[in-house]
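The structure file work_15.cif is reproduced below (mmCIF, C-alpha atoms and all ligand atoms).
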data_data
loop_
_atom_site.label_atom_id
_atom_site.label_comp_id
_atom_site.auth_asym_id
_atom_site.auth_seq_id
_atom_site.Cartn_x
_atom_site.Cartn_y
_atom_site.Cartn_z
CA MET A 1 0.00 0.00 0.00
CA LYS A 2 1.50 3.37 -1.03
CA LYS A 3 0.87 6.28 1.30
CA VAL A 4 -0.09 9.59 -0.35
CA LEU A 5 -0.10 13.19 0.89
CA ILE A 6 -2.06 15.75 -1.14
CA ALA A 7 -0.99 19.39 -0.93
CA GLY A 8 -3.82 21.77 -1.85
CA ALA A 9 -6.43 19.13 -0.98
CA ALA A 10 -9.21 21.68 -0.44
CA GLY A 11 -8.76 23.25 -3.89
CA ALA A 12 -10.57 22.42 -7.12
CA MET A 13 -7.86 20.01 -8.34
CA GLY A 14 -6.91 18.82 -4.87
CA GLN A 15 -10.48 17.59 -4.32
CA LYS A 16 -10.37 15.59 -7.56
CA ALA A 17 -7.06 14.09 -6.45
CA VAL A 18 -8.53 13.20 -3.03
CA ASP A 19 -11.40 11.35 -4.73
CA LEU A 20 -8.98 9.58 -7.07
CA VAL A 21 -6.71 8.33 -4.29
CA ASN A 22 -9.73 7.30 -2.19
CA SER A 23 -10.92 5.18 -5.13
CA LEU A 24 -7.62 3.31 -5.67
CA PRO A 25 -7.16 0.08 -3.67
CA ASP A 26 -3.34 0.20 -3.70
CA TYR A 27 -3.02 3.76 -2.38
CA GLN A 28 -3.94 5.26 0.96
CA LEU A 29 -4.50 8.96 1.57
CA THR A 30 -2.61 9.46 4.83
CA ALA A 31 -2.30 13.24 4.96
CA VAL A 32 -3.18 16.55 3.37
CA LEU A 33 -1.53 19.95 3.45
CA ALA A 34 -4.34 22.50 3.41
CA PRO A 35 -3.61 25.85 5.06
CA HIS A 36 -7.20 26.80 5.89
CA LEU A 37 -8.95 23.45 6.31
CA ALA A 38 -10.41 23.08 9.81
CA ALA A 39 -10.56 19.60 11.38
CA GLU A 40 -14.38 19.70 11.48
CA GLN A 41 -14.47 20.24 7.71
CA ALA A 42 -12.60 16.98 6.98
CA GLU A 43 -15.68 14.95 6.04
CA GLN A 44 -17.00 17.71 3.78
CA TYR A 45 -13.67 17.47 1.87
CA HIS A 46 -13.93 13.65 1.61
CA LEU A 47 -11.14 13.01 4.14
CA ALA A 48 -11.40 9.88 6.29
CA ALA A 49 -10.98 10.37 10.03
CA ALA A 50 -7.45 8.88 9.97
CA VAL A 51 -6.15 11.43 7.42
CA LYS A 52 -3.76 13.91 9.05
CA VAL A 53 -4.55 17.52 8.22
CA TYR A 54 -1.48 19.76 8.20
CA HIS A 55 -1.66 23.52 7.83
CA ARG A 56 2.06 24.24 7.40
CA LEU A 57 5.08 22.40 5.99
CA ALA A 58 6.84 22.47 9.35
CA GLU A 59 4.09 20.32 10.94
CA ILE A 60 4.54 17.39 8.54
CA GLU A 61 5.94 14.27 10.21
CA ASP A 62 8.61 12.08 8.63
CA GLY A 63 7.30 8.82 7.17
CA ILE A 64 3.70 10.07 6.81
CA ALA A 65 3.70 9.47 3.01
CA ASP A 66 5.66 7.92 0.12
CA ILE A 67 4.16 10.16 -2.57
CA TRP A 68 3.45 13.92 -2.55
CA VAL A 69 0.74 15.15 -4.91
CA ASP A 70 0.82 18.93 -5.40
CA PHE A 71 -2.01 21.09 -6.69
CA THR A 72 -1.37 24.34 -4.84
CA LEU A 73 -0.25 27.75 -6.03
CA PRO A 74 2.68 29.06 -8.08
CA ASP A 75 4.21 30.77 -5.05
CA ALA A 76 4.00 27.65 -2.86
CA VAL A 77 5.01 24.84 -5.18
CA TYR A 78 8.80 25.22 -5.13
CA GLU A 79 9.12 25.07 -1.31
CA ASN A 80 6.59 22.23 -1.19
CA VAL A 81 8.40 20.03 -3.70
CA LYS A 82 11.79 20.77 -2.14
CA PHE A 83 10.35 19.74 1.23
CA ALA A 84 8.88 16.55 -0.23
CA LEU A 85 12.21 15.51 -1.77
CA GLN A 86 14.18 16.37 1.36
CA HIS A 87 11.79 14.18 3.38
CA GLY A 88 11.85 11.11 1.13
CA MET A 89 8.58 11.65 -0.75
CA ARG A 90 8.18 11.25 -4.50
CA PRO A 91 6.51 14.37 -5.94
CA ILE A 92 3.71 14.39 -8.52
CA VAL A 93 3.35 18.05 -9.38
CA GLY A 94 0.46 19.58 -11.30
CA THR A 95 0.90 23.07 -9.93
CA THR A 96 2.13 25.50 -12.56
CA GLY A 97 4.41 28.51 -12.25
CA LEU A 98 7.81 26.93 -11.48
CA THR A 99 10.57 28.89 -13.20
CA ASP A 100 13.12 27.07 -15.38
CA ASP A 101 15.73 27.60 -12.65
CA GLN A 102 13.46 26.22 -9.94
CA GLU A 103 12.61 23.22 -12.09
CA ALA A 104 16.30 22.54 -12.76
CA GLU A 105 17.09 22.86 -9.04
CA LEU A 106 14.35 20.37 -8.14
CA VAL A 107 15.53 17.90 -10.77
CA ARG A 108 19.07 18.16 -9.33
CA LEU A 109 17.75 17.56 -5.83
CA SER A 110 15.71 14.55 -6.97
CA GLN A 111 18.85 13.06 -8.56
CA GLN A 112 20.84 13.62 -5.35
CA GLN A 113 18.08 11.94 -3.34
CA GLY A 114 17.51 9.18 -5.93
CA LEU A 115 13.79 9.92 -5.82
CA GLY A 116 11.59 9.77 -8.89
CA GLY A 117 8.67 12.05 -9.57
CA LEU A 118 6.83 13.98 -12.22
CA ILE A 119 6.17 17.63 -12.98
CA ALA A 120 3.38 17.92 -15.56
CA PRO A 121 1.96 21.26 -16.66
CA ASN A 122 -1.04 19.34 -17.91
CA PHE A 123 -2.29 15.84 -17.00
CA GLY A 124 -4.89 15.80 -19.77
CA MET A 125 -4.35 13.63 -22.82
CA SER A 126 -5.83 16.22 -25.20
CA ALA A 127 -3.33 18.83 -24.02
CA VAL A 128 -0.39 16.41 -24.21
CA LEU A 129 -1.36 15.61 -27.81
CA LEU A 130 -1.93 19.27 -28.67
CA MET A 131 1.63 20.07 -27.54
CA LYS A 132 3.05 17.17 -29.56
CA PHE A 133 1.12 18.16 -32.71
CA ALA A 134 1.97 21.85 -32.28
CA LYS A 135 5.68 21.05 -32.09
CA GLU A 136 5.42 19.02 -35.29
CA ALA A 137 3.41 21.70 -37.10
CA ALA A 138 5.86 24.42 -36.11
CA THR A 139 8.59 22.85 -38.23
CA TYR A 140 6.42 23.66 -41.27
CA PHE A 141 4.63 26.78 -40.02
CA PRO A 142 6.97 29.13 -38.12
CA ASP A 143 4.29 31.84 -37.78
CA VAL A 144 2.31 30.91 -34.72
CA GLU A 145 0.33 32.41 -31.85
CA ILE A 146 -1.24 30.74 -28.80
CA ILE A 147 -4.58 31.54 -27.16
CA GLU A 148 -5.29 29.91 -23.82
CA MET A 149 -8.68 30.23 -22.13
CA HIS A 150 -9.34 29.42 -18.48
CA HIS A 151 -11.82 29.84 -15.64
CA ALA A 152 -11.89 33.25 -13.98
CA ASP A 153 -10.29 31.97 -10.72
CA LYS A 154 -6.99 31.01 -12.37
CA LYS A 155 -4.18 32.88 -10.63
CA ASP A 156 -1.29 32.50 -13.09
CA ALA A 157 -1.01 33.76 -16.64
CA PRO A 158 -0.08 32.53 -19.08
CA SER A 159 -1.04 28.96 -18.24
CA GLY A 160 1.73 26.44 -17.70
CA THR A 161 0.45 24.52 -20.70
CA ALA A 162 0.65 27.55 -22.99
CA LEU A 163 4.17 28.29 -21.82
CA SER A 164 5.22 24.66 -22.34
CA THR A 165 3.65 24.72 -25.81
CA ALA A 166 5.65 27.84 -26.66
CA LYS A 167 8.87 26.26 -25.38
CA LEU A 168 8.33 23.14 -27.50
CA ILE A 169 7.58 25.24 -30.60
CA ASP A 170 10.63 27.39 -29.92
CA GLN A 171 12.84 24.26 -30.00
CA VAL A 172 12.01 23.55 -33.64
CA ARG A 173 10.80 26.59 -35.50
CA THR A 174 13.08 28.37 -37.90
CA ALA A 175 13.71 32.11 -37.82
CA HIS A 176 10.70 34.08 -38.90
CA GLU A 177 10.03 37.72 -39.65
CA THR A 178 7.83 39.99 -37.58
CA ASN A 179 6.17 43.11 -38.88
CA PRO A 180 8.60 45.96 -38.04
CA ASP A 181 5.83 48.57 -38.36
CA GLU A 182 3.55 46.97 -35.79
CA GLN A 183 2.42 49.26 -32.95
CA GLU A 184 0.17 48.72 -29.93
CA SER A 185 -2.28 51.56 -29.30
CA LEU A 186 -3.49 49.66 -26.23
CA ALA A 187 -0.72 48.14 -24.06
CA GLY A 188 -0.75 44.35 -24.10
CA ALA A 189 -3.01 44.10 -27.15
CA ARG A 190 -0.58 41.74 -28.88
CA GLY A 191 -0.30 39.47 -25.82
CA GLY A 192 2.68 38.11 -23.91
CA ASP A 193 5.85 37.25 -25.76
CA TYR A 194 7.91 34.07 -25.38
CA HIS A 195 10.89 34.29 -27.77
CA GLY A 196 8.66 35.97 -30.35
CA ILE A 197 5.70 33.62 -29.84
CA LYS A 198 2.65 35.63 -28.77
CA ILE A 199 0.53 34.14 -25.97
CA HIS A 200 -2.95 35.50 -25.26
CA ALA A 201 -4.63 34.60 -21.95
CA VAL A 202 -8.44 34.72 -21.63
CA ARG A 203 -10.13 34.40 -18.21
CA LEU A 204 -13.90 33.92 -18.15
CA PRO A 205 -16.50 32.26 -15.95
CA GLY A 206 -17.88 29.06 -17.48
CA TYR A 207 -14.55 28.03 -18.95
CA ILE A 208 -12.35 25.29 -17.43
CA ALA A 209 -9.12 24.93 -19.48
CA HIS A 210 -8.75 25.33 -23.24
CA GLU A 211 -5.96 26.11 -25.70
CA GLN A 212 -5.68 26.98 -29.35
CA VAL A 213 -2.46 27.07 -31.33
CA LEU A 214 -2.88 29.08 -34.52
CA PHE A 215 -0.46 28.67 -37.40
CA GLY A 216 -0.57 30.94 -40.45
CA GLY A 217 1.07 30.38 -43.83
CA ALA A 218 0.74 31.82 -47.33
CA GLY A 219 -2.94 31.43 -48.20
CA GLU A 220 -3.62 28.82 -45.48
CA ALA A 221 -3.92 28.35 -41.76
CA LEU A 222 -3.92 25.52 -39.25
CA THR A 223 -5.60 25.65 -35.85
CA ILE A 224 -5.01 22.99 -33.18
CA ARG A 225 -7.41 23.13 -30.24
CA GLN A 226 -7.96 21.18 -27.06
CA ASP A 227 -10.68 21.54 -24.43
CA SER A 228 -10.79 20.28 -20.87
CA PHE A 229 -14.48 20.52 -20.01
CA ASP A 230 -14.19 18.78 -16.64
CA ARG A 231 -11.28 18.61 -14.15
CA GLN A 232 -11.92 14.86 -13.91
CA SER A 233 -10.15 14.64 -17.29
CA PHE A 234 -6.81 15.36 -15.57
CA MET A 235 -7.13 12.38 -13.24
CA SER A 236 -6.20 9.64 -15.72
CA GLY A 237 -2.79 11.31 -16.02
CA VAL A 238 -2.43 11.61 -12.26
CA LYS A 239 -3.27 7.90 -11.93
CA VAL A 240 -0.55 6.98 -14.44
CA ALA A 241 1.90 9.14 -12.48
CA LEU A 242 0.97 7.40 -9.20
CA GLU A 243 1.66 4.04 -10.85
CA LYS A 244 4.95 5.10 -12.47
CA VAL A 245 6.81 7.30 -9.96
CA GLY A 246 8.13 4.29 -8.06
CA GLN A 247 10.04 3.19 -11.17
CA LEU A 248 11.75 6.57 -11.70
CA ASP A 249 15.01 7.71 -10.08
CA HIS A 250 14.65 11.44 -10.77
CA LEU A 251 12.01 14.09 -11.48
CA VAL A 252 10.70 13.83 -15.04
CA ILE A 253 9.13 16.85 -16.76
CA GLY A 254 6.02 16.21 -18.86
CA LEU A 255 3.43 13.44 -18.73
CA GLU A 256 4.35 12.38 -22.26
CA ASN A 257 7.72 11.18 -20.95
CA ILE A 258 6.22 8.50 -18.71
CA LEU A 259 3.38 7.27 -20.93
N1 LIG B 1 -1.19 19.93 -14.34
C1 LIG B 1 -2.50 19.92 -14.56
O1 LIG B 1 -3.04 19.09 -15.29
C2 LIG B 1 -3.34 20.96 -13.89
C3 LIG B 1 -2.76 21.89 -13.13
N2 LIG B 1 -3.49 22.82 -12.48
C4 LIG B 1 -2.76 23.72 -11.61
O2 LIG B 1 -2.95 23.29 -10.27
C5 LIG B 1 -2.87 24.39 -9.39
C6 LIG B 1 -4.11 24.40 -8.51
O3 LIG B 1 -5.24 24.67 -9.29
P1 LIG B 1 -6.70 24.72 -8.64
O4 LIG B 1 -6.95 23.49 -7.88
O5 LIG B 1 -7.63 25.12 -9.70
O6 LIG B 1 -6.52 25.95 -7.63
P2 LIG B 1 -7.33 26.28 -6.30
O7 LIG B 1 -7.11 27.73 -6.01
O8 LIG B 1 -8.72 25.76 -6.37
O9 LIG B 1 -6.58 25.41 -5.18
C7 LIG B 1 -5.31 25.69 -4.69
C8 LIG B 1 -5.25 25.18 -3.26
O10 LIG B 1 -3.90 25.30 -2.79
C9 LIG B 1 -3.98 25.66 -1.42
N3 LIG B 1 -2.74 26.28 -1.00
C10 LIG B 1 -2.34 27.56 -1.10
N4 LIG B 1 -1.11 27.72 -0.61
C11 LIG B 1 -0.72 26.49 -0.18
C12 LIG B 1 0.47 26.00 0.43
N5 LIG B 1 1.52 26.80 0.71
N6 LIG B 1 0.53 24.69 0.74
C13 LIG B 1 -0.52 23.88 0.49
N7 LIG B 1 -1.66 24.28 -0.09
C14 LIG B 1 -1.74 25.58 -0.42
C15 LIG B 1 -5.17 26.59 -1.34
O11 LIG B 1 -5.66 26.62 -0.03
P3 LIG B 1 -6.40 27.92 0.56
O12 LIG B 1 -7.41 28.31 -0.48
O13 LIG B 1 -6.97 27.45 1.83
O14 LIG B 1 -5.35 28.96 0.71
C16 LIG B 1 -6.16 25.94 -2.29
O15 LIG B 1 -6.97 25.02 -1.62
C17 LIG B 1 -2.70 25.63 -10.28
O16 LIG B 1 -1.34 25.95 -10.38
C18 LIG B 1 -3.20 25.16 -11.64
O17 LIG B 1 -2.62 25.85 -12.69
C19 LIG B 1 -4.84 22.86 -12.60
C20 LIG B 1 -5.50 21.95 -13.39
C21 LIG B 1 -4.80 20.93 -14.10
O1 LIG B 2 -5.42 26.40 -13.58
C1 LIG B 2 -5.95 25.53 -14.31
O2 LIG B 2 -7.16 25.29 -14.30
C2 LIG B 2 -5.08 24.75 -15.21
N1 LIG B 2 -3.79 24.88 -15.10
C3 LIG B 2 -2.81 24.22 -15.85
C4 LIG B 2 -2.03 25.22 -16.68
O3 LIG B 2 -1.74 26.32 -16.17
O4 LIG B 2 -1.67 24.91 -17.81
C5 LIG B 2 -3.37 23.06 -16.65
C6 LIG B 2 -4.73 23.32 -17.23
O5 LIG B 2 -4.60 24.28 -18.23
C7 LIG B 2 -5.68 23.78 -16.14
#
Before anything else, please render the file you have as structure tokens.
Amino acid sequence: MKKVLIAGAAGAMGQKAVDLVNSLPDYQLTAVLAPHLAAEQAEQYHLAAAVKVYHRLAEIEDGIADIWVDFTLPDAVYENVKFALQHGMRPIVGTTGLTDDQEAELVRLSQQQGLGGLIAPNFGMSAVLLMKFAKEAATYFPDVEIIEMHHADKKDAPSGTALSTAKLIDQVRTAHETNPDEQESLAGARGGDYHGIKIHAVRLPGYIAHEQVLFGGAGEALTIRQDSFDRQSFMSGVKVALEKVGQLDHLVIGLENIL
């Protein structure tokens, strides 16, 4: 039986992860890290009486879990994952917002500790495939822009998935020309810029998580789109990660690399 701690257990994704772990016979939810979850709310958040509820990293006891699942916030995730690795837990990280330097540091630490884990900006199969297809298309269509659309509560922009898509495209696309006469009469109108790839972030109620990658060529265009209509769609990827982390000896980046 593998013991699991979920950080961010009271959040939208954390609750899905709690339900997933509760449904798996070979995994036991032993603890959660949830800063504002009161003991009397445990049942409401689907936590069995034996589940330890921690409010701060410093309270977490050694040996409480083998696996650390993280769906928290961009400003919490680095310290959380570092703590997990330093205390012998294998991290499965869905939280976005880690910088390249932080990611590299965590990979180094995981190698030192000999602990496997996964950082995945997106656990949904449609998004993993979108990124793969976008990278392939970018070798033929260097002119590309990304539009990501999310629920209004999303704290970070652009999304981790959009940034990962841009990084993958940037690895393969050839030099391309931008319009030197372009001007913005409204600041930000052309979106964020990752190495010349424009990223536009939409936040609206009713949306969950969606991305379009738009390629333009002479007299033609290609649009690749994925939609996550329900957060449950991310859980098949989390389940794969739970099953695979024990076989890894360092932190892997991207769900596609363990499928
Ligand atoms: N990789 C993937 O497939 C996906 C990734 N995500 C990412 O997951 C993250 C969470 O998303 P979502 O669930 O929608 O966000 P929510 O805001 O619903 O949940 C975040 C939770 O984290 C808790 N939290 C805040 N600080 C800490 C901390 N220091 N330690 C532990 N818990 C903390 C919050 O608790 P409180 O409110 O009490 O402060 C809250 O319950 C985001 O980064 C999002 O981008 C989302 C969907 C899919
Ligand atoms: O905050 C979200 O909801 C999501 N976050 C991840 C991201 O930033 O890419 C994954 C998915 O888009 C949902």
Site check for ligand LIG 2 (chain B): residues at most 9 Å away, all atoms listed in the file, as a count of residues only: 35
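Closest to ligand LIG 1 (chain B) among A:Leu255, A:Leu222, A:Ala49, A:Ala9 is A:Ala9, based on all atoms listed in the file.
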Of the listed residues A:Tyr194, A:Tyr140, A:Tyr207, A:Tyr54, that which approaches ligand LIG 1 (chain B) most closely, counting all atoms listed in the file: A:Tyr54
Shell of 8 Å around Leu29 (chain A), only C-alpha atoms, local chain residues under 2 positions omitted, as number ranges by chain: A: 3-6, 18, 21-22, 27, 31-32, 51
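Across the model, the gap from CA of Arg108 (chain A) to CA of Ala84 (chain A) is 13.8 Å.
For the pair CA of Thr139 (chain A) and CA of Asp100 (chain A), the interatomic distance is 23.7 Å.
Here CA of Pro205 (chain A) and CA of Ala152 (chain A) stand 5.1 Å from one another.
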Within-12 Å shell of (0.2, 8.0, -11.7) in input frame, only C-alpha atoms, as JSON, numbers by chain: {"A": [2, 4, 17, 20, 21, 24, 26, 27, 67, 68, 69, 90, 91, 92, 93, 94, 116, 117, 118, 119, 120, 123, 234, 235, 236, 237, 238, 239, 240, 241, 242, 243, 244, 245, 246, 247, 248, 255, 258, 259]}
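Using only C-alpha atoms and all ligand atoms, the shortest contact distance between ligand LIG 1 (chain B) and any of A:Asn80, A:Gln226, A:Gln44, A:Asn257 is found at A:Asn80.
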Axis-aligned box for all listed atoms of region 18-26 of chain A, 8 Å per side, centre and edges in Å to one decimal, as JSON:
{"center_x": -7.4, "center_y": 6.6, "center_z": -4.6, "size_x": 24.1, "size_y": 29.1, "size_z": 20.9}
Nearest to ligand LIG 1 (chain B) by atom-to-atom distance, counting only C-alpha atoms and all ligand atoms, from A:Val172, A:Ile253, A:Ala48, A:Ile147: A:Ile253
Spatial neighbours of Gly63 (chain A), 10 Å, all atoms listed in the file, chain gap at least 3 places, as a VMD selection string: chain A and resid 3 60 66 87 to 89
Distance query Gln102 (chain A) at most 8 Å, all atoms listed in the file, self and fewer than 4 positions along chain excluded, as a list in words: Tyr78, Leu98 and Leu106 of chain A
Nearby residues, (-13.5, 17.7, -0.6) file frame, 7 Å, all atoms listed in the file, as JSON, numbers by chain: {"A": [10, 15, 44, 45, 46]}
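Closest approach to ligand LIG 1 (chain B) from the set A:Glu184, A:Glu79, A:Glu256, A:Asp227 is made by A:Glu79, with distances taken over all atoms listed in the file.
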Who sits within 9 Å of Val53 (chain A), only C-alpha atoms, same chain under 2 positions skipped, as a PDB file with C-alpha atoms, in the coordinates of the input:
ATOM      1  CA  THR A  30      -2.610   9.460   4.830  1.00  0.00           C
ATOM      2  CA  ALA A  31      -2.300  13.240   4.960  1.00  0.00           C
ATOM      3  CA  VAL A  32      -3.180  16.550   3.370  1.00  0.00           C
ATOM      4  CA  LEU A  33      -1.530  19.950   3.450  1.00  0.00           C
ATOM      5  CA  ALA A  34      -4.340  22.500   3.410  1.00  0.00           C
ATOM      6  CA  PRO A  35      -3.610  25.850   5.060  1.00  0.00           C
ATOM      7  CA  LEU A  37      -8.950  23.450   6.310  1.00  0.00           C
ATOM      8  CA  ALA A  38     -10.410  23.080   9.810  1.00  0.00           C
ATOM      9  CA  ALA A  39     -10.560  19.600  11.380  1.00  0.00           C
ATOM     10  CA  ALA A  42     -12.600  16.980   6.980  1.00  0.00           C
ATOM     11  CA  LEU A  47     -11.140  13.010   4.140  1.00  0.00           C
ATOM     12  CA  VAL A  51      -6.150  11.430   7.420  1.00  0.00           C
ATOM     13  CA  HIS A  55      -1.660  23.520   7.830  1.00  0.00           C
TER      14      HIS A  55
END
Shell around Pro142 (chain A) at 7 Å using only C-alpha atoms, local window under 5 positions removed, as an MDAnalysis selection string: chainID A and resid 173:174 176
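The closest residue to Lys16 (chain A), picked from A:Asp70, A:Thr99, A:Val252, A:Met1 and counting all atoms listed in the file, is A:Asp70.
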